Amino acid sequence: MRRLWYYARLWKGYMRIGLLILVQYPADTVIWLVSMILREASGFLGVVTIANVAGGLGNWNLYEICLLFGLCAVVEAIGQAFFDCVWEISGSVRKGTMDVILVRPAAPFIQLLGRRFHYPALLSIIIYGAVIVWALAHLRIAPGVGMLLFLIEFIVCATVINSGIYTIFNSFNFWIVQGEDMAVLVQTCREFAKYPLAVFPVLIRSFFTFIIPFGFVGFYPAAFLAGKAGTEVVLTLPLCAGAVGLAAAFIWKKGLGSYDSTGT
């Protein structure tokens with residue numbers, strides 16, 4: 001219990017530092033905020049335009065596609081806000097700054113995550129949360145306790161899956177040293193998750209279901225909410241999150257154990 005309280009206070013301190021960094025350069029923060037909104041808006045408008053021109057994608061109508069896009073974007077924004085420092089593994093290994101993390105008493109992964117918070121991504125969470133509510137309203141999906149519980153389950157499990165996948169591929173930098181391009185490629189492939197996987201060939205659907213399960217970050221939960229999938233989604237979502245989380249923890253620990261400092 002004392003250890004948990006220690007990490008709670010440590011995380012609070014990291015968040016405070018992140019907030020101070022945010023307000024230190026207000027102009028830079030505003031530019032970053034505007035660029036993030038424009039980037040997200042362009043992606044959203046692209047999907048909506050395609051859906052409008054094509055009259056939907058497969059058997060998915062405009063509002064169902066907006067629901068899918070909103071779910072994906074919310075999870076990605078949560079990862080950007082609180083877990084984006086997994087992308088610094090490559091630089092920490094290459095420059096040897098991982099040594100500093102290892103000599104401190106706190107868990108290395110907690111220290112890594114606390115090095116930076118992207119608070120502007122909180123605005124994306126609010127915006128795409130509103131898109132989800134808007135899409136659910138147009139789909140006439142009645143709110144209720146069951147839906148609320150599922151959305152909470154989705155947020156937790158999908159965040160673990162999304163950030164866990166990024167952690168896995170960034171942790172390969174312990175062996176490759178400068179292999180962040182592999183993680184960037186995986187992040188690029190994540191764009192498939194913003195479209196209904198049902199419109200893709202079986203090979204692509206299987207890949208994003210069983211190999212790199214980005215399908216559980218948006219497609220399957222959206223299909224469940226839209227009535228296109230059964231209750232098996234409720235059961236497989238935490239199973240997938242558990243599998244990805246364990247795999248990420250295992251590869252991170254193995255990589256950290258093999259780290260021998262590259263020096264500077």
# chains A, B, ... in the order shown; residues from 1 in each chain; ligands from 1
$ closest_atom_pairs --of "range 142-254 of chain A" --to "range 70-84 of chain A" --cutoff "8 Å" --atoms "only C-alpha atoms" --output "CSV"
residue,atom,partner,partner_atom,distance
A:Ile155,CA,A:Val75,CA,6.6
A:Ala158,CA,A:Val75,CA,6.6
A:Thr159,CA,A:Val75,CA,5.6
A:Asn162,CA,A:Glu76,CA,7.3
A:Ser163,CA,A:Gly79,CA,6.1
A:Ala193,CA,A:Cys72,CA,7.2
A:Lys194,CA,A:Cys72,CA,6.3
A:Val217,CA,A:Cys72,CA,5.9
A:Gly218,CA,A:Cys72,CA,5.0
A:Ala222,CA,A:Leu71,CA,7.4
$ select_by_dssp --residues "range 17-158 of chain A" --states "alpha helix (DSSP H)" --output "ChimeraX atom specification"
/A:17-24,26-54,62-82,89-95,98-102,108-113,121-138,145-158
$ closest_residue --among "A:Val30, A:Ile37, A:Val103, A:Val199" --to "Asn59 in chain A" --atoms "only C-alpha atoms"
A:Val199
$ closest_residue --among "A:Leu225, A:Leu57, A:Met15, A:Val23" --to "Val133 in chain A" --atoms "only C-alpha atoms"
A:Leu225
$ residues_around --residues "Pro238 in chain A" --least-positions-apart "4" --cutoff "8 Å" --atoms "only C-alpha atoms" --output "PyMOL selection string"
chain A and resi 153+157+234+242
$ residues_around --residues "Gln178 in chain A" --least-positions-apart "3" --cutoff "9 Å" --atoms "only C-alpha atoms" --output "compact mmCIF listing (two decimals) with C-alpha atoms, in the first residue's frame"
# COMPACT_ATOMS: atom_id res chain seq x y z
CA SER A 90 14.71 4.78 -28.96
CA GLY A 91 16.34 8.08 -28.04
CA VAL A 93 18.69 3.82 -25.58
CA ARG A 94 20.69 5.48 -28.35
CA ASN A 173 14.99 -0.54 -29.84
CA PHE A 174 16.79 -2.22 -26.94
CA TRP A 175 18.15 -4.69 -29.49
CA ASP A 181 10.98 3.25 -38.01
$ closest_residue --among "A:Ile125, A:Phe219, A:Gly96, A:Leu203" --to "Ile65 in chain A" --atoms "only C-alpha atoms"
A:Phe219
$ closest_residue --among "A:Gly18, A:Gly215, A:Gly129, A:Gly255" --to "Glu191 in chain A" --atoms "only C-alpha atoms"
A:Gly215
$ residues_around --residues "Phe172 in chain A" --least-positions-apart "5" --cutoff "9 Å" --atoms "only C-alpha atoms" --output "list in words"
Ser90, Thr167, Val177, Gly179, Glu180, Met182, Ala183, Ile251, Trp252 and Gly255 of chain A
$ atom_distance --atom1 "CA of Lys95 in chain A" --atom2 "CA of Ser261 in chain A"
8.5 Å
$ closest_residue --among "A:Ala223, A:Trp11, A:Gly46, A:Phe192" --to "Phe109 in chain A" --atoms "only C-alpha atoms"
A:Trp11
$ closest_residue --among "A:Phe224, A:Tyr14, A:Tyr6, A:Trp60" --to "Leu112 in chain A" --atoms "only C-alpha atoms"
A:Tyr14
$ residues_around --residues "Arg3 in chain A" --least-positions-apart "6" --cutoff "12 Å" --atoms "only C-alpha atoms" --output "MDAnalysis selection string"
chainID A and resid 9:10 105:107
$ write_last_selection --atoms "C-alpha atoms" --output "mmCIF file, in the first residue's frame"
data_model
loop_
_atom_site.group_PDB
_atom_site.id
_atom_site.type_symbol
_atom_site.label_atom_id
_atom_site.label_comp_id
_atom_site.auth_asym_id
_atom_site.auth_seq_id
_atom_site.Cartn_x
_atom_site.Cartn_y
_atom_site.Cartn_z
ATOM 1 C CA ARG A 9 2.512 11.015 -5.404
ATOM 2 C CA LEU A 10 5.245 10.515 -7.987
ATOM 3 C CA PRO A 105 14.508 3.832 -7.051
ATOM 4 C CA ALA A 106 11.180 4.124 -8.937
ATOM 5 C CA ALA A 107 10.068 1.616 -11.575
#
$ residues_around --residues "Gly245 in chain A" --least-positions-apart "5" --cutoff "7 Å" --atoms "only C-alpha atoms" --output "list in words"
Val160, Ile161 and Gly164 of chain A
$ decode --residues "range 64-79 of chain A" --atoms "all heavy atoms" --output "PDB file, in the first residue's frame"
ATOM      1  N   GLU A  64     -22.351   5.536 -38.459  1.00  0.00           N
ATOM      2  CA  GLU A  64     -21.615   4.398 -37.917  1.00  0.00           C
ATOM      3  C   GLU A  64     -20.118   4.578 -38.139  1.00  0.00           C
ATOM      4  O   GLU A  64     -19.308   4.229 -37.266  1.00  0.00           O
ATOM      5  CB  GLU A  64     -22.106   3.104 -38.566  1.00  0.00           C
ATOM      6  CG  GLU A  64     -23.515   2.715 -38.142  1.00  0.00           C
ATOM      7  CD  GLU A  64     -24.097   1.600 -38.988  1.00  0.00           C
ATOM      8  OE1 GLU A  64     -23.580   1.363 -40.105  1.00  0.00           O
ATOM      9  OE2 GLU A  64     -25.081   0.968 -38.553  1.00  0.00           O
ATOM     10  N   ILE A  65     -19.754   5.139 -39.288  1.00  0.00           N
ATOM     11  CA  ILE A  65     -18.347   5.407 -39.568  1.00  0.00           C
ATOM     12  C   ILE A  65     -17.826   6.507 -38.642  1.00  0.00           C
ATOM     13  O   ILE A  65     -16.694   6.438 -38.142  1.00  0.00           O
ATOM     14  CB  ILE A  65     -18.163   5.806 -41.044  1.00  0.00           C
ATOM     15  CG1 ILE A  65     -18.481   4.604 -41.944  1.00  0.00           C
ATOM     16  CG2 ILE A  65     -16.758   6.319 -41.309  1.00  0.00           C
ATOM     17  CD1 ILE A  65     -18.570   4.936 -43.410  1.00  0.00           C
ATOM     18  N   CYS A  66     -18.642   7.511 -38.382  1.00  0.00           N
ATOM     19  CA  CYS A  66     -18.249   8.573 -37.452  1.00  0.00           C
ATOM     20  C   CYS A  66     -18.066   8.013 -36.040  1.00  0.00           C
ATOM     21  O   CYS A  66     -17.151   8.419 -35.312  1.00  0.00           O
ATOM     22  CB  CYS A  66     -19.298   9.683 -37.435  1.00  0.00           C
ATOM     23  SG  CYS A  66     -19.349  10.662 -38.957  1.00  0.00           S
ATOM     24  N   LEU A  67     -18.926   7.086 -35.650  1.00  0.00           N
ATOM     25  CA  LEU A  67     -18.789   6.439 -34.351  1.00  0.00           C
ATOM     26  C   LEU A  67     -17.466   5.685 -34.274  1.00  0.00           C
ATOM     27  O   LEU A  67     -16.725   5.793 -33.283  1.00  0.00           O
ATOM     28  CB  LEU A  67     -19.960   5.477 -34.124  1.00  0.00           C
ATOM     29  CG  LEU A  67     -19.882   4.600 -32.867  1.00  0.00           C
ATOM     30  CD1 LEU A  67     -19.877   5.448 -31.605  1.00  0.00           C
ATOM     31  CD2 LEU A  67     -21.044   3.608 -32.840  1.00  0.00           C
ATOM     32  N   LEU A  68     -17.155   4.930 -35.316  1.00  0.00           N
ATOM     33  CA  LEU A  68     -15.900   4.187 -35.375  1.00  0.00           C
ATOM     34  C   LEU A  68     -14.700   5.121 -35.301  1.00  0.00           C
ATOM     35  O   LEU A  68     -13.762   4.884 -34.522  1.00  0.00           O
ATOM     36  CB  LEU A  68     -15.860   3.364 -36.667  1.00  0.00           C
ATOM     37  CG  LEU A  68     -14.517   2.738 -37.080  1.00  0.00           C
ATOM     38  CD1 LEU A  68     -14.009   1.814 -35.986  1.00  0.00           C
ATOM     39  CD2 LEU A  68     -14.680   1.983 -38.399  1.00  0.00           C
ATOM     40  N   PHE A  69     -14.737   6.183 -36.088  1.00  0.00           N
ATOM     41  CA  PHE A  69     -13.626   7.130 -36.109  1.00  0.00           C
ATOM     42  C   PHE A  69     -13.461   7.795 -34.742  1.00  0.00           C
ATOM     43  O   PHE A  69     -12.351   7.983 -34.257  1.00  0.00           O
ATOM     44  CB  PHE A  69     -13.853   8.187 -37.182  1.00  0.00           C
ATOM     45  CG  PHE A  69     -12.643   9.034 -37.461  1.00  0.00           C
ATOM     46  CD1 PHE A  69     -11.774   8.710 -38.488  1.00  0.00           C
ATOM     47  CD2 PHE A  69     -12.375  10.165 -36.694  1.00  0.00           C
ATOM     48  CE1 PHE A  69     -10.649   9.488 -38.744  1.00  0.00           C
ATOM     49  CE2 PHE A  69     -11.267  10.953 -36.946  1.00  0.00           C
ATOM     50  CZ  PHE A  69     -10.396  10.612 -37.980  1.00  0.00           C
ATOM     51  N   GLY A  70     -14.579   8.154 -34.116  1.00  0.00           N
ATOM     52  CA  GLY A  70     -14.522   8.804 -32.807  1.00  0.00           C
ATOM     53  C   GLY A  70     -13.917   7.910 -31.745  1.00  0.00           C
ATOM     54  O   GLY A  70     -13.098   8.356 -30.932  1.00  0.00           O
ATOM     55  N   LEU A  71     -14.300   6.633 -31.741  1.00  0.00           N
ATOM     56  CA  LEU A  71     -13.742   5.692 -30.765  1.00  0.00           C
ATOM     57  C   LEU A  71     -12.233   5.554 -30.941  1.00  0.00           C
ATOM     58  O   LEU A  71     -11.473   5.585 -29.968  1.00  0.00           O
ATOM     59  CB  LEU A  71     -14.417   4.322 -30.907  1.00  0.00           C
ATOM     60  CG  LEU A  71     -15.898   4.239 -30.521  1.00  0.00           C
ATOM     61  CD1 LEU A  71     -16.441   2.843 -30.816  1.00  0.00           C
ATOM     62  CD2 LEU A  71     -16.103   4.585 -29.051  1.00  0.00           C
ATOM     63  N   CYS A  72     -11.803   5.405 -32.196  1.00  0.00           N
ATOM     64  CA  CYS A  72     -10.362   5.295 -32.479  1.00  0.00           C
ATOM     65  C   CYS A  72      -9.612   6.545 -32.042  1.00  0.00           C
ATOM     66  O   CYS A  72      -8.538   6.468 -31.427  1.00  0.00           O
ATOM     67  CB  CYS A  72     -10.131   5.066 -33.968  1.00  0.00           C
ATOM     68  SG  CYS A  72     -10.593   3.440 -34.569  1.00  0.00           S
ATOM     69  N   ALA A  73     -10.165   7.703 -32.364  1.00  0.00           N
ATOM     70  CA  ALA A  73      -9.481   8.966 -32.093  1.00  0.00           C
ATOM     71  C   ALA A  73      -9.387   9.249 -30.596  1.00  0.00           C
ATOM     72  O   ALA A  73      -8.375   9.783 -30.126  1.00  0.00           O
ATOM     73  CB  ALA A  73     -10.202  10.111 -32.803  1.00  0.00           C
ATOM     74  N   VAL A  74     -10.418   8.911 -29.836  1.00  0.00           N
ATOM     75  CA  VAL A  74     -10.389   9.131 -28.388  1.00  0.00           C
ATOM     76  C   VAL A  74      -9.272   8.315 -27.744  1.00  0.00           C
ATOM     77  O   VAL A  74      -8.507   8.813 -26.909  1.00  0.00           O
ATOM     78  CB  VAL A  74     -11.752   8.778 -27.756  1.00  0.00           C
ATOM     79  CG1 VAL A  74     -11.618   8.583 -26.252  1.00  0.00           C
ATOM     80  CG2 VAL A  74     -12.753   9.887 -28.030  1.00  0.00           C
ATOM     81  N   VAL A  75      -9.165   7.049 -28.128  1.00  0.00           N
ATOM     82  CA  VAL A  75      -8.118   6.188 -27.570  1.00  0.00           C
ATOM     83  C   VAL A  75      -6.727   6.694 -27.950  1.00  0.00           C
ATOM     84  O   VAL A  75      -5.812   6.727 -27.122  1.00  0.00           O
ATOM     85  CB  VAL A  75      -8.315   4.735 -28.048  1.00  0.00           C
ATOM     86  CG1 VAL A  75      -7.136   3.863 -27.643  1.00  0.00           C
ATOM     87  CG2 VAL A  75      -9.606   4.163 -27.484  1.00  0.00           C
ATOM     88  N   GLU A  76      -6.573   7.109 -29.207  1.00  0.00           N
ATOM     89  CA  GLU A  76      -5.286   7.642 -29.648  1.00  0.00           C
ATOM     90  C   GLU A  76      -4.940   8.911 -28.880  1.00  0.00           C
ATOM     91  O   GLU A  76      -3.773   9.120 -28.507  1.00  0.00           O
ATOM     92  CB  GLU A  76      -5.328   7.938 -31.151  1.00  0.00           C
ATOM     93  CG  GLU A  76      -4.016   8.406 -31.745  1.00  0.00           C
ATOM     94  CD  GLU A  76      -2.968   7.314 -31.857  1.00  0.00           C
ATOM     95  OE1 GLU A  76      -3.289   6.144 -31.562  1.00  0.00           O
ATOM     96  OE2 GLU A  76      -1.824   7.636 -32.216  1.00  0.00           O
ATOM     97  N   ALA A  77      -5.921   9.763 -28.614  1.00  0.00           N
ATOM     98  CA  ALA A  77      -5.680  11.009 -27.881  1.00  0.00           C
ATOM     99  C   ALA A  77      -5.288  10.720 -26.433  1.00  0.00           C
ATOM    100  O   ALA A  77      -4.421  11.399 -25.869  1.00  0.00           O
ATOM    101  CB  ALA A  77      -6.923  11.895 -27.932  1.00  0.00           C
ATOM    102  N   ILE A  78      -5.899   9.719 -25.811  1.00  0.00           N
ATOM    103  CA  ILE A  78      -5.520   9.335 -24.449  1.00  0.00           C
ATOM    104  C   ILE A  78      -4.069   8.867 -24.418  1.00  0.00           C
ATOM    105  O   ILE A  78      -3.300   9.216 -23.519  1.00  0.00           O
ATOM    106  CB  ILE A  78      -6.457   8.230 -23.924  1.00  0.00           C
ATOM    107  CG1 ILE A  78      -7.870   8.791 -23.722  1.00  0.00           C
ATOM    108  CG2 ILE A  78      -5.936   7.655 -22.604  1.00  0.00           C
ATOM    109  CD1 ILE A  78      -8.895   7.733 -23.359  1.00  0.00           C
ATOM    110  N   GLY A  79      -3.697   8.075 -25.424  1.00  0.00           N
ATOM    111  CA  GLY A  79      -2.314   7.621 -25.507  1.00  0.00           C
ATOM    112  C   GLY A  79      -1.351   8.778 -25.690  1.00  0.00           C
ATOM    113  O   GLY A  79      -0.280   8.815 -25.074  1.00  0.00           O
TER     114      GLY A  79
END
